[in-house]
Each structure stands twice: as structure tokens, then as C-alpha cells.
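Content type compact mmCIF, C-alpha atoms and all ligand atoms, from the file model-v6.txt:
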```txt
# COMPACT_ATOMS: atom_id res chain seq x y z
CA MET V 1 44.26 -47.60 2.12
CA ARG V 2 47.11 -45.17 2.91
CA ILE V 3 46.16 -42.92 5.81
CA LEU V 4 47.92 -39.80 7.08
CA VAL V 5 47.04 -37.85 10.23
CA GLN V 6 47.42 -34.07 10.10
CA LYS V 7 46.90 -31.95 13.21
CA PHE V 8 46.43 -28.19 13.09
CA GLY V 9 46.71 -26.05 16.23
CA GLY V 10 44.76 -23.03 17.41
CA THR V 11 46.64 -20.41 15.40
CA SER V 12 46.11 -22.42 12.17
CA VAL V 13 42.31 -22.39 12.50
CA SER V 14 41.77 -18.89 13.84
CA ASP V 15 40.13 -17.42 10.70
CA ILE V 16 38.87 -18.29 7.21
CA ASP V 17 42.10 -17.34 5.43
CA ARG V 18 44.08 -19.65 7.67
CA LEU V 19 41.54 -22.43 7.26
CA LYS V 20 42.03 -22.06 3.51
CA MET V 21 45.75 -22.67 4.02
CA VAL V 22 44.84 -25.73 6.06
CA ARG V 23 42.62 -26.90 3.21
CA GLY V 24 45.60 -26.49 0.87
CA LYS V 25 47.71 -28.75 3.11
CA VAL V 26 44.96 -31.37 3.19
CA CYS V 27 44.46 -31.27 -0.62
CA ALA V 28 48.19 -31.67 -1.22
CA GLU V 29 48.09 -35.00 0.63
CA LEU V 30 44.86 -36.11 -1.07
CA ASP V 31 46.62 -35.52 -4.39
CA LYS V 32 49.37 -37.90 -3.24
CA GLY V 33 46.74 -40.60 -2.77
CA TYR V 34 46.30 -40.45 1.00
CA LYS V 35 43.08 -40.58 2.96
CA VAL V 36 43.52 -37.79 5.50
CA LEU V 37 42.44 -37.74 9.12
CA VAL V 38 42.56 -34.11 10.22
CA VAL V 39 42.64 -33.30 13.95
CA LEU V 40 41.82 -29.72 14.87
CA SER V 41 42.23 -27.63 18.02
CA ALA V 42 39.91 -24.86 19.10
CA ARG V 43 40.73 -21.42 17.66
CA SER V 44 43.53 -19.88 19.70
CA GLY V 45 42.24 -18.18 22.84
CA LYS V 46 38.91 -20.04 22.69
CA THR V 47 39.65 -22.59 25.42
CA ASN V 48 40.92 -19.84 27.74
CA LYS V 49 37.75 -17.82 27.13
CA LEU V 50 35.57 -20.83 27.97
CA ILE V 51 37.50 -21.44 31.19
CA GLU V 52 37.05 -17.81 32.12
CA LEU V 53 33.34 -18.03 31.33
CA ALA V 54 32.94 -21.09 33.54
CA GLY V 55 34.68 -19.19 36.34
CA ARG V 56 32.05 -16.46 36.10
CA TRP V 57 29.13 -18.89 36.32
CA ALA V 58 30.47 -21.03 39.13
CA LYS V 59 33.01 -20.51 41.90
CA LYS V 60 34.25 -24.06 41.46
CA PRO V 61 33.00 -25.38 38.10
CA ASP V 62 32.09 -29.07 38.17
CA PRO V 63 34.95 -30.85 36.34
CA ALA V 64 32.69 -33.04 34.19
CA GLU V 65 30.53 -30.09 33.14
CA LEU V 66 33.65 -28.03 32.49
CA ASP V 67 34.98 -30.68 30.09
CA SER V 68 31.69 -30.68 28.17
CA LEU V 69 31.99 -26.91 27.88
CA LEU V 70 35.66 -26.89 26.83
CA SER V 71 35.08 -29.52 24.17
CA THR V 72 32.84 -27.12 22.27
CA GLY V 73 35.83 -25.09 21.04
CA GLU V 74 37.09 -28.03 18.99
CA GLN V 75 33.54 -28.90 17.93
CA ALA V 76 33.16 -25.49 16.28
CA SER V 77 36.49 -25.85 14.46
CA ILE V 78 35.79 -29.28 12.96
CA VAL V 79 32.27 -28.48 11.83
CA LEU V 80 33.28 -25.22 10.14
CA PHE V 81 36.22 -26.88 8.42
CA SER V 82 34.16 -29.86 7.22
CA MET V 83 31.62 -27.45 5.77
CA MET V 84 34.40 -25.66 3.92
CA LEU V 85 35.80 -28.92 2.53
CA LYS V 86 32.38 -30.14 1.39
CA ASP V 87 31.79 -26.79 -0.27
CA SER V 88 34.89 -27.41 -2.37
CA GLY V 89 33.63 -30.83 -3.42
CA ILE V 90 35.73 -32.91 -1.04
CA ARG V 91 34.11 -35.95 0.58
CA ALA V 92 34.57 -34.99 4.22
CA LYS V 93 32.88 -35.59 7.56
CA SER V 94 33.35 -34.14 11.05
CA LEU V 95 33.64 -36.47 14.02
CA LEU V 96 33.48 -35.78 17.75
CA GLY V 97 35.42 -37.91 20.22
CA TRP V 98 32.35 -39.81 21.44
CA GLN V 99 31.26 -40.73 17.93
CA ILE V 100 34.37 -42.81 17.17
CA PRO V 101 34.65 -43.34 20.20
CA ILE V 102 37.94 -42.19 21.70
CA LEU V 103 37.45 -43.91 25.03
CA THR V 104 39.16 -42.38 28.09
CA ASP V 105 39.22 -42.83 31.87
CA ASP V 106 37.21 -40.38 33.97
CA SER V 107 39.99 -38.02 35.13
CA PHE V 108 38.16 -34.96 33.90
CA GLY V 109 40.50 -32.23 32.70
CA MET V 110 43.40 -34.67 32.34
CA ALA V 111 41.84 -37.85 30.97
CA ARG V 112 43.92 -40.69 29.59
CA ILE V 113 43.02 -42.42 26.35
CA LEU V 114 42.14 -46.11 26.84
CA SER V 115 41.15 -47.15 23.33
CA ILE V 116 40.17 -45.85 19.91
CA SER V 117 37.92 -47.70 17.47
CA LYS V 118 40.03 -48.28 14.37
CA GLU V 119 37.12 -50.15 12.74
CA TYR V 120 34.85 -47.12 12.98
CA ILE V 121 37.47 -44.91 11.34
CA LEU V 122 38.20 -47.35 8.51
CA LYS V 123 34.46 -47.70 7.89
CA ALA V 124 34.04 -43.92 7.82
CA PHE V 125 36.86 -43.67 5.27
CA GLU V 126 34.91 -45.92 2.89
CA ASP V 127 32.57 -43.01 2.05
CA ASN V 128 34.91 -40.13 2.85
CA ASP V 129 38.36 -38.98 1.84
CA VAL V 130 38.83 -36.67 4.81
CA LEU V 131 37.70 -37.18 8.40
CA VAL V 132 37.88 -34.08 10.55
CA VAL V 133 38.20 -35.15 14.19
CA ALA V 134 37.92 -32.96 17.28
CA GLY V 135 41.19 -32.90 19.22
CA PHE V 136 41.50 -32.66 23.00
CA GLN V 137 38.36 -34.68 23.75
CA GLY V 138 37.21 -38.19 24.52
CA VAL V 139 34.40 -39.96 26.28
CA THR V 140 34.16 -42.18 29.37
CA LYS V 141 32.57 -45.62 29.24
CA ASP V 142 29.55 -43.98 30.93
CA GLY V 143 29.21 -41.52 28.08
CA ARG V 144 30.59 -38.36 29.73
CA ILE V 145 32.77 -36.08 27.63
CA THR V 146 36.35 -35.67 28.87
CA THR V 147 39.32 -33.51 27.87
CA LEU V 148 42.97 -34.55 27.75
CA GLY V 149 44.72 -31.60 29.40
CA ARG V 150 45.88 -28.34 27.86
CA GLY V 151 47.55 -28.82 24.51
CA GLY V 152 45.81 -32.21 24.32
CA SER V 153 45.03 -32.13 20.60
CA ASP V 154 48.61 -33.22 19.93
CA THR V 155 47.92 -36.33 21.97
CA SER V 156 44.61 -36.94 20.15
CA ALA V 157 46.46 -36.82 16.81
CA VAL V 158 49.28 -39.15 17.85
CA ALA V 159 46.86 -41.57 19.53
CA LEU V 160 44.73 -41.70 16.38
CA ALA V 161 47.83 -42.34 14.27
CA ALA V 162 48.86 -45.09 16.72
CA ALA V 163 45.40 -46.67 16.43
CA LEU V 164 45.76 -46.60 12.63
CA ASP V 165 48.79 -48.91 12.72
CA SER V 166 51.19 -46.06 13.52
CA CYS V 167 50.60 -44.15 10.31
CA PRO V 168 52.56 -40.90 9.81
CA CYS V 169 51.37 -37.94 11.89
CA ASP V 170 52.14 -34.36 10.83
CA ILE V 171 51.67 -31.76 13.55
CA TYR V 172 51.21 -28.35 11.92
CA THR V 173 51.89 -25.29 14.00
CA ASP V 174 53.05 -21.68 13.68
CA VAL V 175 56.78 -22.49 13.85
CA ASP V 176 58.91 -24.41 11.34
CA GLY V 177 59.74 -27.26 13.70
CA VAL V 178 61.74 -28.04 16.81
CA TYR V 179 64.71 -25.74 17.38
CA THR V 180 68.05 -26.23 19.11
CA THR V 181 66.75 -23.73 21.65
CA ASP V 182 64.06 -21.06 21.96
CA PRO V 183 64.59 -18.73 18.96
CA ASN V 184 63.07 -15.91 21.01
CA LEU V 185 66.01 -16.10 23.39
CA CYS V 186 68.76 -16.96 20.98
CA SER V 187 68.82 -15.68 17.42
CA SER V 188 71.24 -18.38 16.25
CA ALA V 189 68.82 -21.18 17.21
CA ARG V 190 68.59 -23.67 14.33
CA LYS V 191 65.77 -25.91 13.24
CA LEU V 192 66.54 -29.59 13.80
CA ASP V 193 65.85 -32.00 10.92
CA ARG V 194 65.45 -34.92 13.26
CA VAL V 195 65.20 -35.43 16.98
CA SER V 196 64.78 -38.66 18.94
CA TYR V 197 61.70 -39.38 21.06
CA ASP V 198 63.78 -39.27 24.23
CA GLU V 199 65.36 -35.92 23.39
CA MET V 200 61.94 -34.53 22.49
CA LEU V 201 60.56 -35.75 25.81
CA GLU V 202 63.27 -33.82 27.61
CA MET V 203 62.66 -30.74 25.50
CA ALA V 204 58.86 -30.91 25.81
CA SER V 205 59.05 -31.35 29.56
CA MET V 206 61.33 -28.37 29.86
CA GLY V 207 59.47 -25.57 28.30
CA ALA V 208 60.14 -26.18 24.59
CA LYS V 209 56.40 -26.02 24.15
CA VAL V 210 55.91 -27.41 20.67
CA LEU V 211 54.27 -30.71 21.60
CA GLN V 212 52.23 -31.81 24.58
CA ILE V 213 54.49 -34.18 26.51
CA ARG V 214 51.91 -36.97 26.55
CA SER V 215 51.84 -36.98 22.77
CA VAL V 216 55.58 -37.64 22.73
CA GLU V 217 55.21 -40.49 25.23
CA PHE V 218 52.51 -41.95 23.01
CA SER V 219 54.53 -41.61 19.83
CA LYS V 220 57.51 -43.27 21.48
CA LYS V 221 55.43 -46.14 22.83
CA TYR V 222 53.75 -46.88 19.50
CA ASN V 223 56.59 -45.75 17.28
CA VAL V 224 54.53 -43.14 15.44
CA PRO V 225 56.65 -41.04 13.06
CA VAL V 226 55.74 -37.48 14.02
CA GLN V 227 56.68 -34.47 11.92
CA VAL V 228 56.40 -30.98 13.42
CA ARG V 229 56.00 -28.40 10.64
CA SER V 230 54.53 -25.02 9.74
CA THR V 231 51.06 -24.37 8.35
CA PHE V 232 52.30 -21.18 6.76
CA ASN V 233 55.05 -22.46 4.44
CA ASP V 234 56.20 -25.65 2.73
CA HIS V 235 59.54 -26.09 4.48
CA PRO V 236 60.27 -29.57 5.75
CA GLY V 237 59.75 -29.72 9.50
CA THR V 238 61.41 -31.72 12.27
CA LEU V 239 60.97 -35.47 12.32
CA VAL V 240 60.53 -36.90 15.82
CA THR V 241 61.59 -40.50 15.51
CA GLN V 242 63.57 -43.43 16.86
CA GLU V 243 67.17 -42.90 17.80
CA ASP V 244 69.73 -43.94 15.21
CA ALA V 245 73.50 -44.10 14.96
CA MET V 246 73.70 -40.70 13.26
CA MET V 247 71.96 -39.00 16.17
CA GLU V 248 74.40 -40.53 18.63
CA SER V 249 77.31 -38.91 16.87
CA VAL V 250 75.90 -35.50 17.73
CA LEU V 251 77.00 -34.63 21.23
CA VAL V 252 74.31 -32.12 22.16
CA SER V 253 71.04 -31.53 20.30
CA GLY V 254 69.44 -28.73 22.24
CA ILE V 255 69.34 -26.38 25.20
CA ALA V 256 66.06 -26.18 27.08
CA TYR V 257 65.06 -23.99 29.98
CA ASP V 258 62.25 -23.83 32.46
CA ARG V 259 61.48 -20.71 34.45
CA ASP V 260 58.71 -22.45 36.32
CA GLN V 261 60.88 -23.64 39.17
CA ALA V 262 60.99 -22.79 42.87
CA ARG V 263 63.55 -24.18 45.32
CA ILE V 264 62.88 -25.47 48.83
CA THR V 265 65.79 -26.43 51.07
CA LEU V 266 65.42 -28.28 54.35
CA CYS V 267 68.56 -27.59 56.37
CA ASP V 268 70.24 -29.97 58.82
CA LEU V 269 67.81 -32.85 58.42
CA PRO V 270 68.61 -35.90 60.57
CA ASP V 271 70.51 -38.40 58.43
CA ARG V 272 68.57 -41.61 59.08
CA PRO V 273 66.35 -43.98 57.11
CA GLY V 274 62.83 -42.77 56.41
CA VAL V 275 63.38 -39.00 56.51
CA SER V 276 63.28 -38.48 52.73
CA ALA V 277 60.39 -40.91 52.49
CA SER V 278 58.33 -38.88 54.95
CA VAL V 279 59.03 -35.57 53.14
CA PHE V 280 58.30 -36.80 49.63
CA SER V 281 55.34 -39.00 50.59
CA ALA V 282 53.66 -35.97 52.13
CA LEU V 283 54.26 -33.99 48.92
CA ALA V 284 53.10 -36.83 46.66
CA GLU V 285 49.92 -37.40 48.67
CA ASN V 286 49.06 -33.77 48.05
CA GLY V 287 49.71 -34.02 44.33
CA ILE V 288 52.81 -31.79 44.34
CA VAL V 289 55.09 -32.53 41.39
CA VAL V 290 58.72 -32.48 42.44
CA ASP V 291 61.42 -32.03 39.81
CA MET V 292 65.06 -31.81 40.92
CA ILE V 293 66.15 -33.36 44.23
CA VAL V 294 69.61 -33.02 45.76
CA GLN V 295 70.76 -34.27 49.14
CA THR V 296 74.19 -33.35 50.47
CA ALA V 297 76.54 -35.92 51.96
CA SER V 298 76.09 -36.48 55.68
CA ARG V 299 78.21 -34.41 58.07
CA ASN V 300 77.87 -34.94 61.83
CA GLY V 301 74.65 -36.88 61.31
CA VAL V 302 72.79 -34.20 59.37
CA THR V 303 72.21 -33.41 55.67
CA ASP V 304 70.61 -30.64 53.60
CA MET V 305 67.86 -31.60 51.21
CA SER V 306 66.94 -29.30 48.31
CA PHE V 307 64.19 -29.88 45.78
CA THR V 308 62.28 -27.88 43.20
CA VAL V 309 58.56 -27.60 42.50
CA PRO V 310 56.54 -25.48 40.02
CA LYS V 311 56.37 -21.85 41.23
CA LYS V 312 52.62 -22.07 41.83
CA SER V 313 53.08 -25.08 44.15
CA MET V 314 55.72 -23.40 46.29
CA GLU V 315 53.43 -22.11 49.06
CA ASP V 316 51.48 -25.37 49.29
CA ALA V 317 54.65 -27.43 49.30
CA THR V 318 56.15 -25.31 52.07
CA ALA V 319 52.98 -25.64 54.17
CA ILE V 320 52.97 -29.43 53.63
CA VAL V 321 56.54 -29.99 54.78
CA LYS V 322 56.30 -27.47 57.64
CA PRO V 323 54.92 -29.92 60.29
CA LEU V 324 57.69 -32.39 59.41
CA VAL V 325 60.34 -29.71 59.53
CA ASP V 326 58.97 -28.59 62.91
CA SER V 327 58.95 -32.14 64.24
CA PHE V 328 62.63 -32.49 63.28
CA GLY V 329 63.33 -29.02 64.64
CA VAL V 330 65.20 -27.99 61.46
CA GLY V 331 65.24 -24.93 59.18
CA ILE V 332 63.60 -24.29 55.83
CA ASP V 333 64.80 -21.93 53.11
CA THR V 334 62.95 -21.09 49.87
CA ALA V 335 63.58 -19.21 46.62
CA THR V 336 61.36 -18.45 43.64
CA ASN V 337 63.87 -16.44 41.59
CA VAL V 338 65.35 -19.61 40.07
CA ALA V 339 65.17 -21.39 36.72
CA LYS V 340 66.52 -24.57 35.18
CA VAL V 341 68.73 -24.73 32.11
CA SER V 342 69.34 -28.12 30.49
CA VAL V 343 71.76 -29.47 27.93
CA ILE V 344 70.17 -32.37 26.03
CA GLY V 345 71.56 -34.97 23.64
CA VAL V 346 71.54 -38.74 23.14
CA GLY V 347 75.20 -38.48 22.12
CA MET V 348 76.07 -37.89 25.79
CA ARG V 349 75.55 -41.57 26.48
CA ASN V 350 78.78 -42.41 24.74
CA HIS V 351 80.85 -39.25 25.16
CA SER V 352 82.43 -37.72 28.21
CA GLY V 353 83.08 -34.09 28.94
CA VAL V 354 79.65 -32.56 28.40
CA ALA V 355 79.18 -31.85 32.10
CA SER V 356 82.56 -30.18 32.49
CA ARG V 357 82.03 -28.04 29.37
CA THR V 358 78.58 -27.03 30.65
CA PHE V 359 79.87 -26.02 34.07
CA ASP V 360 82.88 -24.26 32.59
CA ALA V 361 80.70 -22.23 30.21
CA LEU V 362 78.49 -21.07 33.08
CA PHE V 363 81.56 -20.28 35.18
CA ARG V 364 83.02 -18.11 32.39
CA GLU V 365 79.88 -15.96 32.59
CA ASN V 366 80.09 -15.97 36.37
CA ILE V 367 76.78 -17.78 36.70
CA ASN V 368 76.47 -19.69 39.94
CA ILE V 369 75.02 -23.20 39.81
CA LEU V 370 72.57 -23.80 42.65
CA MET V 371 71.66 -27.41 41.95
CA ILE V 372 72.65 -30.04 39.39
CA SER V 373 70.78 -33.09 38.17
CA THR V 374 71.66 -35.45 35.35
CA SER V 375 70.25 -38.31 33.34
CA GLU V 376 71.82 -40.37 30.56
CA ILE V 377 70.93 -37.75 27.98
CA LYS V 378 70.64 -34.52 30.00
CA ILE V 379 72.47 -32.20 32.37
CA SER V 380 70.30 -29.69 34.19
CA CYS V 381 71.50 -26.77 36.29
CA LEU V 382 69.38 -24.63 38.55
CA ILE V 383 70.52 -21.01 38.34
CA GLU V 384 69.22 -17.57 39.26
CA GLU V 385 66.33 -16.75 36.95
CA LYS V 386 67.83 -13.46 35.79
CA TYR V 387 70.66 -15.37 34.08
CA VAL V 388 68.46 -17.65 31.95
CA GLU V 389 68.98 -15.84 28.64
CA LEU V 390 72.71 -15.49 29.14
CA ALA V 391 73.04 -19.16 30.14
CA VAL V 392 71.01 -20.40 27.17
CA ARG V 393 73.03 -18.32 24.67
CA THR V 394 76.35 -19.26 26.24
CA LEU V 395 75.58 -22.98 26.20
CA HIS V 396 74.22 -22.77 22.65
CA ASP V 397 77.54 -21.18 21.59
CA THR V 398 79.68 -23.56 23.61
CA PHE V 399 78.20 -26.61 21.94
CA GLU V 400 78.14 -24.86 18.54
CA LEU V 401 74.49 -25.62 18.02
CA ASP V 402 74.20 -22.96 15.32
CA LYS V 403 76.24 -25.25 13.07
CA THR V 404 74.92 -28.36 11.39
CA ALA V 405 76.77 -31.53 12.33
CA GLU V 406 78.81 -33.04 9.51
N1 LIG V 501 42.19 -26.32 22.84
C1 LIG V 501 42.96 -27.04 23.81
C2 LIG V 501 43.87 -26.07 24.55
O1 LIG V 501 43.87 -24.89 24.27
C3 LIG V 501 43.70 -28.17 23.23
C4 LIG V 501 44.76 -27.83 22.20
O2 LIG V 501 44.76 -26.73 21.65
O3 LIG V 501 45.60 -28.68 21.92
O4 LIG V 501 44.59 -26.47 25.40
MG MG V 502 49.81 -26.96 21.20
```

Give the structure from the file, written as C-alpha cells.
Amino acid sequence: MRILVQKFGGTSVSDIDRLKMVRGKVCAELDKGYKVLVVLSARSGKTNKLIELAGRWAKKPDPAELDSLLSTGEQASIVLFSMMLKDSGIRAKSLLGWQIPILTDDSFGMARILSISKEYILKAFEDNDVLVVAGFQGVTKDGRITTLGRGGSDTSAVALAAALDSCPCDIYTDVDGVYTTDPNLCSSARKLDRVSYDEMLEMASMGAKVLQIRSVEFSKKYNVPVQVRSTFNDHPGTLVTQEDAMMESVLVSGIAYDRDQARITLCDLPDRPGVSASVFSALAENGIVVDMIVQTASRNGVTDMSFTVPKKSMEDATAIVKPLVDSFGVGIDTATNVAKVSVIGVGMRNHSGVASRTFDALFRENINILMISTSEIKISCLIEEKYVELAVRTLHDTFELDKTAE
């Protein structure tokens, strides 16, 4: 039995005409001899509306009840689509997360998948050619419905493909694939034919919002070949796959940016063991996600420590470190008008000069770099938010990302 997973997002299921296009995509694969497992999201806007509704009924909606409510958006999509398929004579069946089951832990709103019954799916394929599975949802071992976090249908699809011996997984969306940068910011952005899991992780975590980051982690772990492509045309999409020698020859694959950054600087911290530990333990205990961290070299026994957090966490983070800052008797400085721009590429591992070209390009536009962080395959610069577009375009030009590599 050859199985293919196809996932369609909210904009692909928003009305009957679009669902007919989805049906066309499913039939094309049936004609090639595949059994198709279709994962659907709720219609676009539906999950937001349900969250808003919950907020009107309760000041602090119970997380478990909220997940049961949110899961109904996907339930409506899969049932309507299965009805449509059956109407056209296709052997199809809708399946909710608990029916398979897609077993998760009990972190409501952000549940993690623990296991998926492959046997149940294979059995269901004996009498059906298409299984239409609700994305975004699972069930705890106690039988409570959970959801996997916003954008979680991507993760449902990849996890199902992983459970089915890492069969191919096509993620259909309203763009043609993964681009070298955000085409809304830079008109010369180019669709990538292939991108490695690691590059995609960097892009997904930095605002290139095509795939939920967890789905990329899953696909990397289980080596699921993921293709991101459009519901609305037949162009080949972007293959997210293992790194190969050809990818390494390309110096830079993409430029990502993230406006959701705020900077906190603790000035003149005592330079002794345990100070950083106390600051970041306090933040971690309160669930604050810290991104960039830079500490200056010690001068006269003191250092400056800067770090970034999501903009919405800025006030909480400042309040959390305040008692520590007071106990050290040092200053605190904050800024929310900042953003991060990142140059990404596995080719950086074996080539030098990417950092200097990045800094030089920003300098030529007179853009000041506030913080720098690097990994093997990424260079990130924190800059003033008003320069994001200019920085993205400049870096895209500098690394000639509009041109295909030979
Ligand atoms: N419907 C969910 C959301 O809006 C899951 C998804 O679309 O992937 O976040
Ligand atoms: Mg999505």
C-alpha cells in the first residue's frame, strides 16, 4: 500500500470552490495509485472566532474545555470534505484525533504527540481510499481532547506521515513554497526548490511562517520528506529534506526577520559566578522565552548583559529581573523598537566571510547593529525595527538570492 499525506490549511478549505480544488489535488494522487491521508485545518479565521467566543463566556476559559471547543473547527472541515468526496463516489471516511487515536500529553493548548496508531490507519485504509483526519487535535490517555498549539495541523500531518513509515507529506498552502525571504518585503524573493531541515527550522523560528516549527522538528527527527506547495496551482513546491552536498555549495539560502523582539539590558552587573544563572533561572521559572543573549567582556569587575524576549513578555520579564537588579544595585535599560534580521545557510559551515559581508552590507546602509548572535548556519543581528525592510532587501541583494545557484 503506497500512502501519501496531504495537508490543507485554513485558506484552502474556506469555501466550497476551494474544497473542490482540494478534491482535485486528492484525486490526482489517487489516480497515481496512492491511498491518501488528508489532514485539514479549520477554515481560516474559525479558530480565532472560537477563542474570542470562549473569552466572552468565561474570563479565564478552562484550558481543557477550550481545547474541546477549538477542536470543533477542524471537525467541521473534515466532515464536510468527506461528505463531498463520498458524493463524488470516492471511498472516504473522516477521523477525529481520538478515534485513531493520536495520543498526546495533557499540556492543553500546546500538547505534544506521544504516539499514533499506525494499525488503526492501515485497517481503515482497507475499506477506504481516502482518510480525512482532523489536524491540530489529539487526545490524552484519560480521553480528554487536546490541541497542539496554533498552526498545529502541520505537526499533525508530519506526525501522521512519520507514523506511516515516513511516507511523503505534502503541505498545501496559499503560497508556492518557501522563499529566500518574505516576498511581501522584497519583490525579488525567489522560491527555493529545496531547503534542509536545519535551514527550515531557522526560517520557521524566525517569522517565515509557512510551517509550524514543531512540524519541522518532527520531520527532521523522523526524516519525513515534506513538500510545501500551493493549493491553487500545479507548480512544484519546496522540498524540505536532508542536507546534501549540493546545498552546502550554496553560501546563503535565505534571509529571515522577526519583529517580535524586545531588548533588556542590565548595566554594570557584578562579574562573578552565578549572576547570569540567577537572572536566567528567574526568567525560565516564569516561562519567559529568551532569544539572543550577549554579555560584554569584564571591565573593572562589571559587565553589561543584554537579552531579547518576545515583545509581549517585555513587561513581565522586566518585573521579574527587577528585584535582582535592585539587589545588585545596577541599572536596567529596555527597548521595544527592535527587530532581528538573520542570514541563513548550511553553506556557512564550510565558508568564511558571511559575517563580514553581512555587517558590511548593513554598514553601507548606515544601519547600526545592536546585538549579534551566530550559530553554525546563521548570523542574526538585532537592529532598529524601522530598518527591517531595508536590511532584508540589502542582505538579499548582497548575497544575490534572486539568482539561482549554478
Ligand atoms: N486551526 C488551527 C489554528 O488556526 C490549527 C491550524 O490551522 O494549523 O491555529
Ligand atoms: Mg499554518

Which chains and residue numbers are within 7 Å of ligand LIG 501 (chain V), counting all atoms listed in the file, if I want them as a ChimeraX atom specification? /V:9-10,41-42,44,47-48,73-74,135-136,149-154

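Minimum atom-to-atom distances from V:Ser71, V:Thr140, V:Thr334, V:Thr173 to ligand MG 502 (chain V) were compared using only C-alpha atoms and all ligand atoms, and the lowest value belongs to V:Thr173.
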
Any idea what the distance is between CA of Glu365 (chain V) and CA of Thr394 (chain V)? 8.0 Å

Just the residues within 12 Å of Ala124 (chain V), please, counting only C-alpha atoms, with nothing from its chain fewer than 5 positions along; format it as a PyMOL selection string. chain V and resi 35-37+91-95+99-100+117-119+129-133

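Closest approach to Val26 (chain V) among V:Trp57, V:Phe125, V:Tyr179, V:Tyr172 is made by V:Tyr172 (distances from only C-alpha atoms).
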
Could you give me the centre and size, in Å to one decimal, of an axis-aligned box around all listed atoms of region 79-84 of chain V with 8 Å added on every side, as AutoDock Vina command-line options?
```
--center_x 33.9 --center_y -27.5 --center_z 7.9 --size_x 20.6 --size_y 20.6 --size_z 23.9
```

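Pairwise distance (CA of Thr336 (chain V), CA of Tyr257 (chain V)) equals 15.2 Å.
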
Identify which of the residues V:Met84, V:Met203, V:Ile171, V:Leu53 lies closest to ligand MG 502 (chain V), counting only C-alpha atoms and all ligand atoms when measuring atom-to-atom distances. V:Ile171

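The gap separating CA of Ile369 (chain V) from CA of Leu251 (chain V) is 21.9 Å, in Å to one decimal.
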
Missing atoms of region 305-312 of chain V rebuilt to all heavy atoms, written as a tab-separated table (two decimals), in the frame of the given file:
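What follows is the written file part33.tsv:
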```
chain	number	residue	atom	x	y	z
V	305	MET	N	68.63	-31.04	52.32
V	305	MET	CA	67.86	-31.60	51.21
V	305	MET	C	67.22	-30.45	50.44
V	305	MET	O	66.48	-29.66	51.01
V	305	MET	CB	66.76	-32.50	51.79
V	305	MET	CG	65.74	-32.95	50.80
V	305	MET	SD	66.28	-34.42	50.00
V	305	MET	CE	66.02	-35.58	51.32
V	306	SER	N	67.56	-30.34	49.14
V	306	SER	CA	66.94	-29.30	48.31
V	306	SER	C	66.12	-29.97	47.22
V	306	SER	O	66.52	-31.00	46.69
V	306	SER	CB	68.00	-28.44	47.61
V	306	SER	OG	68.72	-27.70	48.56
V	307	PHE	N	64.98	-29.38	46.91
V	307	PHE	CA	64.19	-29.88	45.78
V	307	PHE	C	63.46	-28.72	45.13
V	307	PHE	O	63.36	-27.63	45.70
V	307	PHE	CB	63.22	-30.98	46.21
V	307	PHE	CG	62.28	-30.59	47.31
V	307	PHE	CD1	61.03	-30.09	47.01
V	307	PHE	CD2	62.65	-30.74	48.64
V	307	PHE	CE1	60.15	-29.72	48.03
V	307	PHE	CE2	61.78	-30.38	49.66
V	307	PHE	CZ	60.53	-29.87	49.36
V	308	THR	N	63.00	-28.95	43.89
V	308	THR	CA	62.28	-27.88	43.20
V	308	THR	C	60.87	-28.34	42.86
V	308	THR	O	60.61	-29.52	42.65
V	308	THR	CB	63.00	-27.42	41.90
V	308	THR	OG1	63.00	-28.51	40.97
V	308	THR	CG2	64.41	-26.96	42.16
V	309	VAL	N	59.97	-27.36	42.84
V	309	VAL	CA	58.56	-27.60	42.50
V	309	VAL	C	58.13	-26.46	41.56
V	309	VAL	O	58.82	-25.44	41.48
V	309	VAL	CB	57.67	-27.56	43.78
V	309	VAL	CG1	58.00	-28.71	44.72
V	309	VAL	CG2	57.77	-26.23	44.51
V	310	PRO	N	57.00	-26.60	40.84
V	310	PRO	CA	56.54	-25.48	40.02
V	310	PRO	C	56.28	-24.26	40.93
V	310	PRO	O	55.88	-24.44	42.08
V	310	PRO	CB	55.22	-25.99	39.43
V	310	PRO	CG	55.30	-27.48	39.50
V	310	PRO	CD	56.14	-27.79	40.69
V	311	LYS	N	56.49	-23.06	40.40
V	311	LYS	CA	56.37	-21.85	41.23
V	311	LYS	C	55.01	-21.78	41.94
V	311	LYS	O	54.93	-21.44	43.11
V	311	LYS	CB	56.57	-20.60	40.36
V	311	LYS	CG	58.05	-20.32	40.05
V	311	LYS	CD	58.24	-18.92	39.50
V	311	LYS	CE	59.69	-18.47	39.49
V	311	LYS	NZ	60.61	-19.03	38.55
V	312	LYS	N	53.95	-22.19	41.21
V	312	LYS	CA	52.62	-22.07	41.83
V	312	LYS	C	52.41	-23.05	42.99
V	312	LYS	O	51.52	-22.85	43.80
V	312	LYS	CB	51.51	-22.24	40.77
V	312	LYS	CG	51.40	-23.63	40.18
V	312	LYS	CD	50.14	-23.76	39.34
V	312	LYS	CE	49.86	-25.11	38.77
V	312	LYS	NZ	50.89	-26.07	38.47
```
